[in-house]
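Structure data follow from upload-v6.txt (compact mmCIF, C-alpha atoms and all ligand atoms):
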# COMPACT_ATOMS: atom_id res chain seq x y z
CA MET A 14 98.40 131.04 44.52
CA THR A 15 100.99 128.37 45.06
CA MET A 16 99.83 124.84 45.09
CA SER A 17 101.14 122.52 47.71
CA THR A 18 103.34 119.84 46.27
CA VAL A 19 103.09 117.67 49.35
CA GLY A 20 102.06 114.24 48.25
CA ALA A 21 102.06 115.26 44.60
CA VAL A 22 103.57 112.75 42.23
CA ALA A 23 105.35 114.22 39.23
CA ALA A 24 104.07 113.02 35.87
CA PRO A 25 106.30 110.28 34.51
CA LYS A 26 108.86 111.18 31.88
CA ILE A 27 108.13 108.05 29.89
CA THR A 28 104.81 106.28 29.80
CA ALA A 29 104.29 103.00 27.99
CA ARG A 30 100.74 101.69 28.07
CA ASN A 31 99.74 98.17 27.03
CA VAL A 32 102.40 98.06 24.37
CA SER A 33 102.52 95.02 22.11
CA LYS A 34 104.64 94.13 19.14
CA ILE A 35 103.78 91.58 16.52
CA TYR A 36 106.36 90.67 13.88
CA PRO A 37 105.51 88.82 10.71
CA SER A 38 106.99 85.33 10.79
CA VAL A 39 107.13 82.24 8.57
CA ASP A 40 103.97 80.85 10.14
CA GLY A 41 102.03 84.10 10.14
CA SER A 42 102.92 86.35 13.02
CA MET A 43 104.92 86.30 16.22
CA LEU A 44 104.05 88.13 19.41
CA ALA A 45 107.37 89.61 20.57
CA LEU A 46 106.05 91.93 23.28
CA ASP A 47 102.74 91.46 25.04
CA ASP A 48 100.80 94.15 26.87
CA PHE A 49 103.85 95.83 28.34
CA SER A 50 103.28 98.86 30.54
CA LEU A 51 105.85 101.00 32.24
CA ASP A 52 106.32 104.44 33.78
CA VAL A 53 109.77 105.96 34.07
CA ALA A 54 110.14 108.92 36.40
CA ASP A 55 112.00 112.06 35.39
CA GLY A 56 115.64 111.55 36.31
CA GLU A 57 115.26 107.82 36.91
CA PHE A 58 117.78 105.22 35.79
CA LEU A 59 115.73 102.22 34.77
CA ALA A 60 117.39 98.95 33.86
CA ILE A 61 115.62 96.20 31.93
CA VAL A 62 116.82 92.60 32.02
CA GLY A 63 115.36 89.42 30.59
CA PRO A 64 116.28 86.33 28.59
CA SER A 65 117.53 86.73 25.04
CA GLY A 66 114.71 87.28 22.59
CA CYS A 67 112.23 88.57 25.17
CA GLY A 68 111.75 91.83 23.31
CA LYS A 69 114.04 94.20 25.20
CA SER A 70 115.61 95.69 22.09
CA THR A 71 112.25 95.81 20.38
CA PHE A 72 110.85 97.84 23.25
CA LEU A 73 113.83 100.19 23.26
CA ARG A 74 113.56 100.72 19.52
CA MET A 75 109.88 101.51 19.96
CA LEU A 76 110.77 104.05 22.66
CA ALA A 77 113.25 105.55 20.22
CA GLY A 78 110.62 105.74 17.49
CA LEU A 79 112.63 103.35 15.32
CA GLU A 80 110.04 100.57 15.37
CA GLU A 81 106.30 100.67 14.89
CA ILE A 82 104.07 99.87 17.86
CA SER A 83 101.50 97.16 17.06
CA ALA A 84 99.18 98.10 19.94
CA GLY A 85 99.25 100.44 22.91
CA ALA A 86 100.96 103.79 23.27
CA ILE A 87 104.27 105.31 24.25
CA ASP A 88 104.69 108.87 25.38
CA ILE A 89 107.81 110.80 26.28
CA ARG A 90 107.01 114.01 28.11
CA ARG A 91 108.90 117.03 26.85
CA SER A 92 110.48 119.47 29.28
CA ASP A 93 109.95 123.18 28.77
CA VAL A 94 113.46 123.59 27.34
CA PRO A 95 112.90 124.20 23.63
CA GLY A 96 114.83 122.41 20.94
CA LYS A 97 115.88 119.38 22.94
CA PRO A 98 115.85 116.13 20.97
CA LEU A 99 113.37 113.64 22.38
CA ASN A 100 115.90 110.86 22.71
CA SER A 101 119.40 109.72 21.96
CA VAL A 102 120.26 106.06 21.59
CA VAL A 103 123.48 104.22 22.37
CA PHE A 104 123.78 100.74 20.90
CA GLN A 105 126.28 97.99 21.53
CA GLU A 106 127.96 98.63 18.19
CA TYR A 107 129.95 101.81 18.24
CA ALA A 108 127.95 104.16 16.10
CA ILE A 109 130.66 106.66 15.40
CA PHE A 110 131.84 107.87 12.04
CA PRO A 111 135.27 106.54 11.07
CA TRP A 112 135.98 109.57 8.87
CA LYS A 113 135.36 112.12 11.60
CA THR A 114 137.63 113.03 14.49
CA LEU A 115 136.43 112.31 18.01
CA LEU A 116 135.67 116.00 18.46
CA ASP A 117 133.55 116.11 15.30
CA ASN A 118 131.86 112.84 16.24
CA VAL A 119 130.78 114.22 19.60
CA ALA A 120 129.65 117.46 17.95
CA PHE A 121 127.72 115.65 15.22
CA GLY A 122 124.27 115.64 16.82
CA LEU A 123 124.60 119.31 17.65
CA GLU A 124 125.57 120.04 14.06
CA MET A 125 122.44 118.21 12.90
CA ARG A 126 120.41 120.44 15.17
CA GLY A 127 121.91 123.51 13.56
CA ILE A 128 124.01 124.62 16.53
CA GLY A 129 126.80 126.95 15.45
CA ARG A 130 130.33 125.63 15.04
CA LYS A 131 131.85 127.46 18.00
CA GLU A 132 129.20 126.36 20.45
CA ARG A 133 129.08 122.77 19.29
CA LEU A 134 132.85 122.36 19.45
CA GLU A 135 132.89 123.90 22.91
CA THR A 136 130.23 121.45 24.06
CA ALA A 137 132.06 118.53 22.45
CA ARG A 138 135.34 119.55 24.14
CA TYR A 139 133.57 119.79 27.47
CA TRP A 140 132.25 116.24 27.15
CA LEU A 141 135.55 114.81 25.93
CA ASP A 142 137.16 116.41 28.94
CA ARG A 143 134.62 114.87 31.29
CA VAL A 144 135.64 111.37 30.27
CA GLY A 145 139.36 112.07 30.03
CA LEU A 146 139.54 112.10 26.24
CA SER A 147 140.55 115.73 25.65
CA LYS A 148 143.94 114.90 24.31
CA PHE A 149 142.43 112.55 21.76
CA ALA A 150 140.04 115.14 20.32
CA GLY A 151 141.83 115.16 16.95
CA TYR A 152 142.14 111.35 16.72
CA TYR A 153 140.08 109.20 14.37
CA PRO A 154 138.11 106.17 15.66
CA HIS A 155 140.58 103.63 14.19
CA GLN A 156 143.30 105.10 16.38
CA ILE A 157 141.53 104.39 19.67
CA SER A 158 140.41 101.32 21.65
CA GLY A 159 136.91 99.83 21.80
CA GLY A 160 136.39 101.23 25.29
CA MET A 161 137.30 104.70 24.13
CA LYS A 162 134.99 104.39 21.13
CA GLN A 163 132.09 103.47 23.35
CA ARG A 164 132.90 106.38 25.64
CA VAL A 165 132.67 108.61 22.59
CA SER A 166 129.29 107.09 21.63
CA ILE A 167 127.98 107.73 25.13
CA ILE A 168 129.14 111.33 25.39
CA ARG A 169 127.93 112.03 21.89
CA ALA A 170 124.47 111.00 23.03
CA LEU A 171 124.77 113.11 26.17
CA ALA A 172 126.14 116.14 24.33
CA ASN A 173 122.84 116.19 22.47
CA ASP A 174 121.12 116.78 25.81
CA PRO A 175 118.14 114.58 24.91
CA GLU A 176 114.98 114.38 27.00
CA VAL A 177 115.75 110.70 27.57
CA LEU A 178 118.78 108.52 26.99
CA LEU A 179 118.13 105.03 25.65
CA MET A 180 120.89 102.46 25.93
CA ASP A 181 120.86 98.96 24.47
CA GLU A 182 123.69 96.84 25.89
CA PRO A 183 126.09 99.76 25.49
CA LEU A 184 128.95 97.93 27.21
CA GLY A 185 128.13 94.51 25.76
CA ALA A 186 131.01 94.37 23.30
CA LEU A 187 133.73 95.31 25.78
CA ASP A 188 136.13 93.05 27.64
CA ALA A 189 135.48 92.53 31.36
CA GLN A 190 138.00 95.06 32.67
CA THR A 191 137.06 97.81 30.26
CA ARG A 192 133.45 97.14 31.05
CA VAL A 193 134.02 97.77 34.76
CA VAL A 194 135.85 101.01 34.02
CA LEU A 195 132.98 102.20 31.84
CA GLN A 196 130.38 101.14 34.39
CA GLU A 197 132.14 103.35 36.89
CA GLU A 198 132.32 106.15 34.36
CA LEU A 199 128.62 105.81 33.54
CA LEU A 200 127.75 105.91 37.23
CA ARG A 201 129.74 109.08 37.71
CA ILE A 202 128.31 110.83 34.67
CA TRP A 203 124.78 109.80 35.49
CA GLU A 204 125.07 110.96 39.10
CA GLU A 205 126.12 114.35 37.71
CA THR A 206 123.51 114.66 34.97
CA ARG A 207 120.56 112.68 36.37
CA LYS A 208 119.25 112.06 32.87
CA THR A 209 116.25 109.82 32.48
CA VAL A 210 117.78 106.57 31.24
CA VAL A 211 116.35 103.30 29.99
CA TYR A 212 119.15 100.78 30.00
CA ILE A 213 119.02 97.29 28.58
CA THR A 214 121.60 94.80 29.71
CA HIS A 215 122.28 91.09 30.05
CA SER A 216 124.40 91.81 33.09
CA LEU A 217 122.61 91.65 36.42
CA ASP A 218 125.62 93.27 38.08
CA GLU A 219 125.30 96.20 35.72
CA ALA A 220 121.55 96.47 36.22
CA VAL A 221 121.82 96.50 40.02
CA LEU A 222 124.86 98.76 40.07
CA LEU A 223 123.37 101.40 37.81
CA GLY A 224 119.62 101.14 38.22
CA ASP A 225 117.16 102.82 40.53
CA ARG A 226 114.82 100.05 39.43
CA VAL A 227 115.32 96.83 37.56
CA ILE A 228 112.48 95.45 35.47
CA LEU A 229 112.62 91.76 34.69
CA MET A 230 110.92 90.63 31.50
CA SER A 231 109.60 87.17 30.77
CA ALA A 232 110.72 84.95 27.93
CA GLN A 233 108.89 85.43 24.65
CA PRO A 234 106.41 86.95 24.47
CA GLY A 235 108.02 89.64 26.57
CA ARG A 236 105.91 90.65 29.51
CA ARG A 237 106.71 92.48 32.66
CA LEU A 238 107.49 89.78 35.20
CA ALA A 239 108.90 91.56 38.24
CA THR A 240 110.17 94.92 39.43
CA PHE A 241 113.02 95.40 41.87
CA ASP A 242 113.59 98.73 43.59
CA ILE A 243 117.33 99.04 44.09
CA ASP A 244 117.67 100.88 47.32
CA LEU A 245 121.46 101.23 47.37
CA PRO A 246 122.68 104.65 48.48
CA ARG A 247 123.70 107.29 45.90
CA PRO A 248 126.15 108.39 44.81
CA ARG A 249 127.24 104.85 44.11
CA THR A 250 130.65 103.64 43.11
CA ILE A 251 131.81 100.27 41.89
CA ASP A 252 132.44 99.36 45.56
CA ALA A 253 128.69 99.00 46.00
CA MET A 254 129.13 95.63 44.27
CA ASN A 255 130.99 94.29 47.29
CA THR A 256 128.12 94.83 49.71
CA THR A 257 125.79 92.17 51.07
CA ARG A 258 122.81 94.19 49.91
CA PHE A 259 124.08 94.13 46.35
CA ALA A 260 124.52 90.36 46.48
CA GLU A 261 120.99 89.99 47.82
CA TYR A 262 119.46 92.03 44.99
CA ARG A 263 121.47 90.12 42.46
CA ALA A 264 120.43 86.77 43.90
CA ALA A 265 116.76 87.76 44.04
CA ILE A 266 116.76 88.82 40.39
CA TRP A 267 118.78 85.81 39.27
CA ASP A 268 116.38 83.48 41.05
CA GLN A 269 113.56 84.65 38.78
CA LEU A 270 115.64 85.28 35.69
CA SER A 271 117.20 81.80 35.72
CA ARG A 272 113.72 80.26 35.65
CA GLU A 273 112.84 82.42 32.66
CA VAL A 274 116.06 81.54 30.88
CA SER A 275 115.28 77.81 31.33
CA ARG A 276 111.77 78.39 30.07
CA ALA A 277 113.10 80.34 27.06
CA MET A 278 115.43 77.44 26.23
CA GLU A 279 112.51 75.01 26.37
CA ILE A 280 110.36 77.04 23.99
CA ALA A 281 113.22 77.83 21.59
CA PRO A 282 112.78 76.12 18.22
P1 LIG B 1 116.01 90.89 23.06
O1 LIG B 1 116.54 92.27 22.86
O2 LIG B 1 115.30 90.72 24.37
O3 LIG B 1 117.06 89.82 22.86
P2 LIG B 1 114.55 91.37 20.59
O4 LIG B 1 113.71 92.54 20.86
O5 LIG B 1 115.79 91.56 19.80
O6 LIG B 1 114.88 90.61 21.98
O7 LIG B 1 113.67 90.27 19.85
C1 LIG B 1 112.43 89.79 20.35
C2 LIG B 1 111.89 88.74 19.40
O8 LIG B 1 111.47 89.39 18.21
C3 LIG B 1 112.89 87.68 19.00
O9 LIG B 1 112.22 86.44 18.86
C4 LIG B 1 113.40 88.18 17.67
O10 LIG B 1 113.82 87.10 16.85
C5 LIG B 1 112.18 88.86 17.08
N1 LIG B 1 112.53 89.98 16.21
C6 LIG B 1 113.27 91.06 16.54
N2 LIG B 1 113.35 91.91 15.51
C7 LIG B 1 112.63 91.37 14.50
C8 LIG B 1 112.32 91.76 13.17
N3 LIG B 1 112.75 92.94 12.68
N4 LIG B 1 111.54 90.94 12.43
C9 LIG B 1 111.07 89.78 12.91
N5 LIG B 1 111.32 89.35 14.16
C10 LIG B 1 112.09 90.11 14.96
Will you turn the file into structure tokens for me?
Amino acid sequence: MTMSTVGAVAAPKITARNVSKIYPSVDGSMLALDDFSLDVADGEFLAIVGPSGCGKSTFLRMLAGLEEISAGAIDIRRSDVPGKPLNSVVFQEYAIFPWKTLLDNVAFGLEMRGIGRKERLETARYWLDRVGLSKFAGYYPHQISGGMKQRVSIIRALANDPEVLLMDEPLGALDAQTRVVLQEELLRIWEETRKTVVYITHSLDEAVLLGDRVILMSAQPGRRLATFDIDLPRPRTIDAMNTTRFAEYRAAIWDQLSREVSRAMEIAP
């Protein structure tokens, strides 16, 4: 018997339920994240924005299993493909090994998973090719620019084929022009792979350009303040930024974010 899927809603890929984080502090404890709940659909690109210190990175690290959860629960649903890592993380700092070539850097995660040399190098070459870095395969990180290094970090994460890709300000350290080039690159790669992504950024432009949804968090303690569905057509290119619709989304998010930023400045010690 086949069940009708009409009206059925697929189970979310990521579920966060009433998640809180308390850090020890000089005067006892500090509530960094308060009762934060979130569902991310399979194949969704979710962007999170919020004032500095609102707990975005904390939440991402908890999703990645790098930080303990004080209360609540996080679940990442596995697909039926065996052996996939649950997540890969891309941080602002280029996390690539200076002593390895670009090819070996991209292949590193696969090596850790015990994938044979031939297959992992093939996969790494494929990804280098997809971002135009094939001819630099034998280069070392010190021989390439910051933008190229971050491209390598991103494809290294993707080459791992994780269930979800977690990105914390991945383009934050780049100059404005390089950033735009990588935004375009990210858009293109994501449109092709449709990975489930949680993406933290300070840039509203980036959030609206890339995201299917943008979640706005409140100043500390981080709570979920607003959700914006970004209904811009896909596939998107950087040109989407020149549309009225884009400007409207940006303005609507900024309207709320600016109030939170002011509030965060008032409560800052
Ligand atoms: P965001 O990424 O939104 O800027 P973070 O998640 O980095 O915010 O930080 C949220 C709050 O938790 C901040 O007040 C920060 O100082 C505090 N914090 C972050 N990490 C730690 C830690 N390891 N120990 C104590 N406090 C922390």
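Among the candidates A:Glu80, A:Gly145, A:Asp268, A:Gln105, the residue lying nearest to Leu187 in chain A is A:Gln105 (atoms considered: all atoms listed in the file).
CA of Ala86 in chain A is found 5.8 Å from CA of Ala29 in chain A.
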Which residues of chain A come within 10 Å of ligand LIG 1 (chain B), and for each one, what is the closest pair of atoms and their distance in Å to one decimal, counting all atoms listed in the file, sorted by chain and residue number, as JSON lines?
{"residue": "A:Lys34", "atom": "CA", "partner": "B:LIG1", "partner_atom": "O8", "distance": 8.4}
{"residue": "A:Ile35", "atom": "CA", "partner": "B:LIG1", "partner_atom": "O8", "distance": 8.2}
{"residue": "A:Tyr36", "atom": "CA", "partner": "B:LIG1", "partner_atom": "C9", "distance": 4.9}
{"residue": "A:Pro37", "atom": "CA", "partner": "B:LIG1", "partner_atom": "C9", "distance": 6.1}
{"residue": "A:Ser38", "atom": "CA", "partner": "B:LIG1", "partner_atom": "C9", "distance": 6.4}
{"residue": "A:Val39", "atom": "CA", "partner": "B:LIG1", "partner_atom": "C9", "distance": 9.6}
{"residue": "A:Ser42", "atom": "CA", "partner": "B:LIG1", "partner_atom": "C9", "distance": 8.8}
{"residue": "A:Met43", "atom": "CA", "partner": "B:LIG1", "partner_atom": "N5", "distance": 7.4}
{"residue": "A:Leu44", "atom": "CA", "partner": "B:LIG1", "partner_atom": "O8", "distance": 7.6}
{"residue": "A:Ala45", "atom": "CA", "partner": "B:LIG1", "partner_atom": "O8", "distance": 4.7}
{"residue": "A:Leu46", "atom": "CA", "partner": "B:LIG1", "partner_atom": "C1", "distance": 7.3}
{"residue": "A:Ile61", "atom": "CA", "partner": "B:LIG1", "partner_atom": "O2", "distance": 9.3}
{"residue": "A:Val62", "atom": "CA", "partner": "B:LIG1", "partner_atom": "O2", "distance": 8.0}
{"residue": "A:Gly63", "atom": "CA", "partner": "B:LIG1", "partner_atom": "O2", "distance": 6.4}
{"residue": "A:Pro64", "atom": "CA", "partner": "B:LIG1", "partner_atom": "O2", "distance": 6.2}
{"residue": "A:Ser65", "atom": "CA", "partner": "B:LIG1", "partner_atom": "O3", "distance": 3.8}
{"residue": "A:Gly66", "atom": "CA", "partner": "B:LIG1", "partner_atom": "O6", "distance": 3.4}
{"residue": "A:Cys67", "atom": "CA", "partner": "B:LIG1", "partner_atom": "O2", "distance": 3.8}
{"residue": "A:Gly68", "atom": "CA", "partner": "B:LIG1", "partner_atom": "O4", "distance": 3.2}
{"residue": "A:Lys69", "atom": "CA", "partner": "B:LIG1", "partner_atom": "O2", "distance": 3.8}
{"residue": "A:Ser70", "atom": "CA", "partner": "B:LIG1", "partner_atom": "O1", "distance": 3.6}
{"residue": "A:Thr71", "atom": "CA", "partner": "B:LIG1", "partner_atom": "O4", "distance": 3.6}
{"residue": "A:Phe72", "atom": "CA", "partner": "B:LIG1", "partner_atom": "O4", "distance": 6.5}
{"residue": "A:Leu73", "atom": "CA", "partner": "B:LIG1", "partner_atom": "O4", "distance": 8.0}
{"residue": "A:Arg74", "atom": "CA", "partner": "B:LIG1", "partner_atom": "O4", "distance": 8.3}
{"residue": "A:Met75", "atom": "CA", "partner": "B:LIG1", "partner_atom": "O4", "distance": 9.8}
{"residue": "A:Glu80", "atom": "CA", "partner": "B:LIG1", "partner_atom": "N3", "distance": 8.5}
{"residue": "A:Asp181", "atom": "CA", "partner": "B:LIG1", "partner_atom": "O1", "distance": 8.1}
{"residue": "A:Glu182", "atom": "CA", "partner": "B:LIG1", "partner_atom": "O1", "distance": 9.0}
{"residue": "A:Ile213", "atom": "CA", "partner": "B:LIG1", "partner_atom": "O1", "distance": 8.0}
{"residue": "A:Thr214", "atom": "CA", "partner": "B:LIG1", "partner_atom": "O1", "distance": 8.9}
{"residue": "A:His215", "atom": "CA", "partner": "B:LIG1", "partner_atom": "O3", "distance": 9.0}
{"residue": "A:Met230", "atom": "CA", "partner": "B:LIG1", "partner_atom": "O2", "distance": 8.4}
{"residue": "A:Ser231", "atom": "CA", "partner": "B:LIG1", "partner_atom": "O2", "distance": 9.3}
{"residue": "A:Ala232", "atom": "CA", "partner": "B:LIG1", "partner_atom": "O2", "distance": 8.2}
{"residue": "A:Gln233", "atom": "CA", "partner": "B:LIG1", "partner_atom": "O9", "distance": 6.8}
{"residue": "A:Pro234", "atom": "CA", "partner": "B:LIG1", "partner_atom": "C2", "distance": 7.7}
{"residue": "A:Gly235", "atom": "CA", "partner": "B:LIG1", "partner_atom": "C1", "distance": 7.6}
{"residue": "A:Ala281", "atom": "CA", "partner": "B:LIG1", "partner_atom": "O9", "distance": 9.1}
Residue selection dump (C-alpha atoms) as a PDB file, in the coordinates of the input:
ATOM      1  CA  LYS A  34     104.640  94.130  19.140  1.00  0.00           C
ATOM      2  CA  ILE A  35     103.780  91.580  16.520  1.00  0.00           C
ATOM      3  CA  TYR A  36     106.360  90.670  13.880  1.00  0.00           C
ATOM      4  CA  PRO A  37     105.510  88.820  10.710  1.00  0.00           C
ATOM      5  CA  SER A  38     106.990  85.330  10.790  1.00  0.00           C
ATOM      6  CA  VAL A  39     107.130  82.240   8.570  1.00  0.00           C
ATOM      7  CA  SER A  42     102.920  86.350  13.020  1.00  0.00           C
ATOM      8  CA  MET A  43     104.920  86.300  16.220  1.00  0.00           C
ATOM      9  CA  LEU A  44     104.050  88.130  19.410  1.00  0.00           C
ATOM     10  CA  ALA A  45     107.370  89.610  20.570  1.00  0.00           C
ATOM     11  CA  LEU A  46     106.050  91.930  23.280  1.00  0.00           C
ATOM     12  CA  ILE A  61     115.620  96.200  31.930  1.00  0.00           C
ATOM     13  CA  VAL A  62     116.820  92.600  32.020  1.00  0.00           C
ATOM     14  CA  GLY A  63     115.360  89.420  30.590  1.00  0.00           C
ATOM     15  CA  PRO A  64     116.280  86.330  28.590  1.00  0.00           C
ATOM     16  CA  SER A  65     117.530  86.730  25.040  1.00  0.00           C
ATOM     17  CA  GLY A  66     114.710  87.280  22.590  1.00  0.00           C
ATOM     18  CA  CYS A  67     112.230  88.570  25.170  1.00  0.00           C
ATOM     19  CA  GLY A  68     111.750  91.830  23.310  1.00  0.00           C
ATOM     20  CA  LYS A  69     114.040  94.200  25.200  1.00  0.00           C
ATOM     21  CA  SER A  70     115.610  95.690  22.090  1.00  0.00           C
ATOM     22  CA  THR A  71     112.250  95.810  20.380  1.00  0.00           C
ATOM     23  CA  PHE A  72     110.850  97.840  23.250  1.00  0.00           C
ATOM     24  CA  LEU A  73     113.830 100.190  23.260  1.00  0.00           C
ATOM     25  CA  ARG A  74     113.560 100.720  19.520  1.00  0.00           C
ATOM     26  CA  MET A  75     109.880 101.510  19.960  1.00  0.00           C
ATOM     27  CA  GLU A  80     110.040 100.570  15.370  1.00  0.00           C
ATOM     28  CA  ASP A 181     120.860  98.960  24.470  1.00  0.00           C
ATOM     29  CA  GLU A 182     123.690  96.840  25.890  1.00  0.00           C
ATOM     30  CA  ILE A 213     119.020  97.290  28.580  1.00  0.00           C
ATOM     31  CA  THR A 214     121.600  94.800  29.710  1.00  0.00           C
ATOM     32  CA  HIS A 215     122.280  91.090  30.050  1.00  0.00           C
ATOM     33  CA  MET A 230     110.920  90.630  31.500  1.00  0.00           C
ATOM     34  CA  SER A 231     109.600  87.170  30.770  1.00  0.00           C
ATOM     35  CA  ALA A 232     110.720  84.950  27.930  1.00  0.00           C
ATOM     36  CA  GLN A 233     108.890  85.430  24.650  1.00  0.00           C
ATOM     37  CA  PRO A 234     106.410  86.950  24.470  1.00  0.00           C
ATOM     38  CA  GLY A 235     108.020  89.640  26.570  1.00  0.00           C
ATOM     39  CA  ALA A 281     113.220  77.830  21.590  1.00  0.00           C
TER      40      ALA A 281
END
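In terms of minimum interatomic distance to Glu106 in chain A, A:Val165 ranks closest within A:Val165, A:Leu200, A:Leu79, A:Leu51, counting all atoms listed in the file.
Pairwise distance (CA of Arg90 in chain A, CA of Asp52 in chain A) equals 11.1 Å.
With CA of Ala277 in chain A on one side and CA of Arg237 in chain A on the other, the separation reads 14.8 Å.
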Any chance you could tabulate, as CSV, the residues of range 121-201 of chain A at most 7 Å from range 207-212 of chain A with each one's nearest atom pair and distance in Å to one decimal, using only C-alpha atoms, in chain and rising number order?
residue,atom,partner,partner_atom,distance
A:Val177,CA,A:Thr209,CA,5.0
A:Leu178,CA,A:Val210,CA,4.8
A:Leu179,CA,A:Val211,CA,5.0
A:Met180,CA,A:Tyr212,CA,4.7
A:Asp181,CA,A:Tyr212,CA,6.1
TODO: Skip Ala186 in chain A itself and residues of its chain fewer than 3 positions away, then list as a list in words all residues within 10 Å of it, counting all atoms listed in the file.
DONE: Phe104, Gln105, Glu106, Tyr107, Gly159, Gly160, Gln163, Glu182, Pro183, Ala189, Thr191 and Arg192 of chain A
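The closest residue to Ser101 in chain A, picked from A:Gly127, A:Gly224, A:Pro175, A:Pro154 and counting all atoms listed in the file, is A:Pro175.
Distances to Leu222 in chain A were evaluated for A:Phe110, A:Tyr139, A:Tyr153, A:Phe58 using all atoms listed in the file, and the minimum falls at A:Phe58.
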Task: Test item: residues at most 9 Å from Asp88 in chain A, all atoms listed in the file, excluding those fewer than 5 positions along its chain, as number ranges by chain - done: A: 26-30, 76
Box along x, y and z, 3 Å on every side, all listed atoms of range 188-207 of chain A inside: centre and edge lengths in Å to one decimal, as AutoDock Vina command-line options.
--center_x 129.3 --center_y 103.6 --center_z 33.4 --size_x 23.4 --size_y 28.1 --size_z 17.5
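Proximity to Arg130 in chain A at 12 Å, evaluated using all atoms listed in the file and with sequence-adjacent residues fewer than 5 positions away removed, yields Leu116, Asp117, Ala120, Phe121, Gly122, Leu123, Glu124, Met125, Glu135, Thr136 and Ala137 of chain A.
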TODO: Quick one: everything within 6 Å of Asn31 in chain A, counting only C-alpha atoms, minus sequence neighbours fewer than 6 positions away in the same chain. Send it as a PyMOL selection string.
DONE: chain A and resi 48-50+85
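Using only C-alpha atoms, the residues found no farther than 9 Å from Arg201 in chain A, other than those of its own chain fewer than 3 positions away, are Gln196, Glu197, Glu198, Glu204, Glu205, Thr206, Pro248, Arg249 and Thr250 of chain A.
Residue nearest Val103 in chain A within the list A:Arg247, A:Arg169, A:Arg263, A:Arg143: A:Arg169 [criterion: smallest interatomic distance, all atoms listed in the file].
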Task: Distance criterion (all atoms listed in the file): nearest to Ile168 in chain A out of A:Val193, A:Gly185, A:Pro98, A:Leu115 - done: A:Leu115
- [ ] Take the point (105.4, 114.0, 37.8) in the file's coordinates, draw a sphere of radius 10 Å around it, and report as JSON, numbers by chain every protein, DNA or RNA residue with an atom inside or on it, counting only C-alpha atoms.
- [x] {"A": [21, 22, 23, 24, 25, 26, 53, 54, 55, 90]}
